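Down below is the structure, laid out as structure tokens.
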Amino acid sequence: MQFWTVAKIIALSISLYFLWRALKKVKAQKDDISEIMKLSENLQMMTNIGGWQVDIETQKSIWTTQTYKIHEIPEGTPTGVAMGIEFYTGDDKKRIDQAVHNCILGIPFREVLKFRSAKGTNKWVECAGEPVYNNENKLYKLRGTIQDVTESVNLKNQLSLILNHSPAAVYECLSNKNWTMKYISSFIEKLSGYPSTDFINDQVRSYASIIHPEDLKFVSNTISKSIESLIDFDINYRIITKSGEIKQVWERGSFESSSGNLIGIIFDQTEQKSVEQMLTESQKVAKLGNWSFDLKTQEIKWSQQMYQLFPENPELGPPSFEKHKSTIHPDDQERWSSTVNECIQNGTPYKFRFRVVHPDKTVWLEAIGKATKDPNGNIIALNGTGQDVTETVQIEESLNIQRLKNIQTAKLASLGEMSAGVAHEINNPLAIVSGNLQILLSSATDNEKLNKKLEVMLKATERIAKIVHGLKKFARMSDQNERKPQLLYQIVQETLYILEIKAKMNHTQLTMENTSQSLVFCNQLEIEQVIINLVTNSLDAIKNLNEKWIIIRIFDQGHQVILQVEDSGLGISASIESKLFDPFFTTKPVGEGTGLGLSITKGILDDHKAEISLNKSSANTCFEIRFPVHIDGLKNAI
Amino acid sequence: MPFKIYYLDDEPELLELFVDCFSAPDRMIKIFTDHSAAIAAIQELSPDLLILDYRLPNTTGDHVAMSVNAEIAKILITGDLEVVPKAHFLKIFRKPYNLNELQDFIKIRQKNC
């Protein structure tokens, strides 16, 4: 009996021990569950996610602490499905009701919905739910989460607002051949005419389908290279819009190796391209180009129009600095170099004209340049414009010659007025002398010597009268200052009255040979001025020669009347020949010549459609003018 | 009836020369240096030939010609290079003129008168 008692006690003790151990294990497990629950609650709080559960049979709901917090109602408040649905606002109440209903039918859901808490706080929540089945595969409860996503929805809305108002389409797409869009902002509709939803997952069309067929290969190659090299791509191409319009776009994107997707942004460049084209067109019309010169790399950059201004091949690109310099006219190179160097050295801006020599022409350019400095004030580049001002220069020269002609005309007009007065004052006493001489000569006398001297005196008065009559050409009459058909030799004869005086003073023989019978349509005064200029130049050129003569020849040749002024000089050197007609060019000593005579002469002759040149076939100096015969001139001679 | 010639010129030497050269028994020559005196004389007795110098003090021979009877035969003598008169003149002689040419002209005029 004692044994059995002891055995029972031992057995009881062992049982108690195991019970104690079991209880200890249960407690440890309970502690673990409590810890896990605590961790879960912390996690829910940190992520703002609450949990919920609804028993289908009893309709009893269980909410986690965070779910109560999201609803802003005290923890432990009894809840239910109908009560929970009341927190959703507007159409979203119907949506969640439908979603729960569907979930009971076995369809899980996840919706972002508008929500108002018990305290009236408007929120966005993401509510998700799923059906839970028992071992017999029978639905017995719904379980899910609710997350306060107000902040992220607001951020997303703001981002969406920004993207939708951005003048570019932002996208994320797969790196497949269609570039299947995962997302593309609404600007694509403005750009292409197709809504963005069309492109998402290639629902209606792929983005590749709107790229211009001619550009597709180029775009594909560029993006492939970017994917291979992991370097961002930057590409210009065309798309065809819904209305069939071709638009120029600029796309910049990169390959995200983590997702394997492409992300990027597409800009509408049509307007910019059009502005660029307009600028190019404007530059073409204005014959204006722009350029820059990098001092460090010595690289020149040009706009397209610069290739028209300089003799350079656009396909070869802008020339080197030295080659560029070599195209400038030799007479302008020194000035060009010093001006550009001054800009490089001291940053002095410039605006000046120089000539550029092309194979077939010389172009006048107006260059404007200025220095570009880095933040430290060091000059790093020059930039500016070049404009073809050839026509302007020609017009200015022409106006200058016209102005000089006007001055000359005004001078001659004054001389004309003076000549008229002088002529009268001379002719009156001359008439007295001449008259008395005539009376004396008519009186019979035997003194032959006296008679001879009287005759000499009478002839002298006639010579004076002839000279005075020559002044008539300066006393301009209105009918002389207009163009009409005239015989050249008659005009030349008028000028000879004056020129003969100067020729005699220079001991120069001045003669005229005329065989022309044709009329020339001309302004007498202007042609007289041409002859005076040429003969005066000849007189000055040969005054120190032993042999001094000037011949004026007028003859017909075809439908032209040729007027030659040849003197005993030995010609004009080739070096100055090209400058003969330039304004202010003179070989006379300072103060003796203005350098305007021949330029005025050329100006007058240009107006008469006559050509002046140096006759090189003559052994002497011979200027030759070719006048067109007046249309009726051949018949109407004299 | 003598052939009446009036000559207006501001150069007395030329008037004197004219008288010396052109006086004749069948001519009556009156000379004037002042245009007012000439006009007064013309109004009193019209000449058969009126010779007028163009450039006169304060006037011209053209003006004088227009202020007298238009039927009087007139010739103009001038030292100017170009003159375009408004009045009618039978002929314009330029100074220095050839006396014989002038004499011939007057003789013909006198004969036809």
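Ligands are numbered from 1 in the order shown, chains are lettered A, B, ... in the order of the structure tokens, and residues start at 1 in each chain.
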
Identify, on the basis of only C-alpha atoms, every residue whose closest approach to Leu102 of chain B does not exceed 12 Å; exclude the query and any residue fewer than 6 positions from it along the same chain; express the result as an NGL selection string. (:A and (435)) or (:B and (18 or 21-22 or 51 or 75-77 or 91-96 or 108-109))

Within 8 Å of chain A, which residues of chain B show up when using only C-alpha atoms, listed as number ranges by chain? B: 11, 13-14, 17, 21, 78-82, 95-99

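For the atom pair formed by atom CA of Asp606 of chain A and atom CA of Ile551 of chain A, the distance is 23.4 Å, given to one decimal.
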
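Straight-line separation from atom CA of Met45 of chain A to atom CA of Gln66 of chain A: 5.9 Å.
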
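Reported to one decimal place, the separation of atom CA of Val125 of chain A from atom CA of Thr150 of chain A is 6.6 Å.
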
Check chain B with DSSP on the backbone and list each residue it calls strand (DSSP E or B), as a count of residues only. 31

Excluding Cys113 of chain B and residues on its chain fewer than 5 positions from it, collect all residues at most 10 Å away from it, counting only C-alpha atoms, and give them as a compact mmCIF listing (two decimals) with all heavy atoms, in the first residue's frame.
# COMPACT_ATOMS: atom_id res chain seq x y z
N PHE B 3 14.69 158.61 -143.92
CA PHE B 3 14.42 157.34 -143.22
C PHE B 3 14.83 157.53 -141.75
O PHE B 3 15.98 157.81 -141.44
CB PHE B 3 15.25 156.21 -143.88
CG PHE B 3 14.97 154.85 -143.34
CD1 PHE B 3 13.73 154.23 -143.60
CD2 PHE B 3 15.93 154.17 -142.60
CE1 PHE B 3 13.48 152.96 -143.10
CE2 PHE B 3 15.67 152.90 -142.10
CZ PHE B 3 14.44 152.30 -142.36
N ASP B 48 11.22 154.85 -138.44
CA ASP B 48 11.01 153.77 -139.42
C ASP B 48 11.73 152.50 -138.96
O ASP B 48 11.36 151.39 -139.33
CB ASP B 48 11.54 154.20 -140.79
CG ASP B 48 10.79 155.41 -141.31
OD1 ASP B 48 9.54 155.36 -141.34
OD2 ASP B 48 11.45 156.43 -141.63
N LEU B 49 12.79 152.71 -138.20
CA LEU B 49 13.53 151.56 -137.66
C LEU B 49 14.00 151.91 -136.25
O LEU B 49 14.63 152.95 -136.05
CB LEU B 49 14.73 151.24 -138.56
CG LEU B 49 15.57 150.03 -138.12
CD1 LEU B 49 14.77 148.73 -138.23
CD2 LEU B 49 16.84 149.90 -138.99
N LYS B 107 19.94 149.19 -145.31
CA LYS B 107 19.71 149.63 -146.69
C LYS B 107 18.50 148.93 -147.28
O LYS B 107 17.63 149.54 -147.90
CB LYS B 107 20.94 149.35 -147.56
CG LYS B 107 22.02 150.41 -147.43
CD LYS B 107 23.20 150.05 -148.33
CE LYS B 107 24.31 151.09 -148.15
NZ LYS B 107 25.54 150.67 -148.82
N ILE B 108 18.45 147.62 -147.10
CA ILE B 108 17.31 146.85 -147.63
C ILE B 108 16.02 147.33 -147.00
O ILE B 108 15.00 147.54 -147.66
CB ILE B 108 17.51 145.34 -147.39
CG1 ILE B 108 18.71 144.83 -148.19
CG2 ILE B 108 16.28 144.52 -147.72
CD1 ILE B 108 19.21 143.46 -147.83

So that I can check the surroundings of segment 29-35 of chain B, please list as a count of residues only every protein, DNA and RNA residue that reaches within 9 Å of it, counting only C-alpha atoms and ignoring chain neighbours fewer than 4 positions away. 25

Running DSSP on the backbone, which parts of segment 50-98 of chain B land in helix (DSSP H, G or I), as a list in words? Gly61, Asp62, His63, Val64, Ala65, Met66 and Ser67 of chain B

Hey, which of A:Asn178, A:Thr511, A:Asn236, A:Gln333 ends up closest to Gln269 of chain A? Count only C-alpha atoms. A:Asn236

So which residues touch Met1 of chain B within 12 Å, counting only C-alpha atoms, skipping near sequence neighbours fewer than 6 positions away, as number ranges by chain? B: 25-28, 47-48, 110, 113

Could you save those same residues with N, CA and C atoms as an mmCIF file, in the first residue's frame?
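Saved the output as again-v4.cif:
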data_model
loop_
_atom_site.group_PDB
_atom_site.id
_atom_site.type_symbol
_atom_site.label_atom_id
_atom_site.label_comp_id
_atom_site.auth_asym_id
_atom_site.auth_seq_id
_atom_site.Cartn_x
_atom_site.Cartn_y
_atom_site.Cartn_z
ATOM 1 N N PRO B 25 22.430 161.441 -146.061
ATOM 2 C CA PRO B 25 21.492 162.570 -146.303
ATOM 3 C C PRO B 25 20.028 162.131 -146.249
ATOM 4 N N ASP B 26 19.783 160.868 -146.653
ATOM 5 C CA ASP B 26 18.387 160.436 -146.667
ATOM 6 C C ASP B 26 17.984 159.720 -145.373
ATOM 7 N N ARG B 27 18.781 159.905 -144.363
ATOM 8 C CA ARG B 27 18.455 159.288 -143.080
ATOM 9 C C ARG B 27 18.422 160.336 -141.982
ATOM 10 N N MET B 28 17.504 160.075 -141.010
ATOM 11 C CA MET B 28 17.503 160.912 -139.813
ATOM 12 C C MET B 28 17.780 159.966 -138.620
ATOM 13 N N PRO B 47 9.753 156.155 -135.333
ATOM 14 C CA PRO B 47 10.842 155.958 -136.297
ATOM 15 C C PRO B 47 10.453 154.892 -137.327
ATOM 16 N N ASP B 48 11.217 154.850 -138.443
ATOM 17 C CA ASP B 48 11.007 153.765 -139.417
ATOM 18 C C ASP B 48 11.727 152.499 -138.958
ATOM 19 N N GLN B 110 15.411 150.202 -145.663
ATOM 20 C CA GLN B 110 15.109 151.588 -146.118
ATOM 21 C C GLN B 110 14.507 151.567 -147.516
ATOM 22 N N CYS B 113 10.960 150.436 -147.506
ATOM 23 C CA CYS B 113 10.056 151.228 -146.687
ATOM 24 C C CYS B 113 9.232 152.211 -147.530
#

At most 12 Å is the cut-off: for each residue in segment 82-127 of chain A with any atom that close to an atom of segment 153-173 of chain A, write down the nearest atom pair and the distance in Å rounded to one decimal, counting only C-alpha atoms, chain first then increasing number, as JSON lines.
{"residue": "A:Val112", "atom": "CA", "partner": "A:Val153", "partner_atom": "CA", "distance": 8.8}
{"residue": "A:Leu113", "atom": "CA", "partner": "A:Val153", "partner_atom": "CA", "distance": 10.1}
{"residue": "A:Lys114", "atom": "CA", "partner": "A:Val153", "partner_atom": "CA", "distance": 10.4}
{"residue": "A:Asn122", "atom": "CA", "partner": "A:Asn154", "partner_atom": "CA", "distance": 11.8}
{"residue": "A:Lys123", "atom": "CA", "partner": "A:Val153", "partner_atom": "CA", "distance": 9.4}
{"residue": "A:Trp124", "atom": "CA", "partner": "A:Val153", "partner_atom": "CA", "distance": 6.9}
{"residue": "A:Val125", "atom": "CA", "partner": "A:Val153", "partner_atom": "CA", "distance": 8.9}
{"residue": "A:Glu126", "atom": "CA", "partner": "A:Val153", "partner_atom": "CA", "distance": 9.7}

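Of the residues under consideration (A:Ile467, A:Ala619, A:Ile532, A:Ile625), A:Ala619 shows the shortest atom-to-atom contact distance to Gly571 of chain A when counting only C-alpha atoms.
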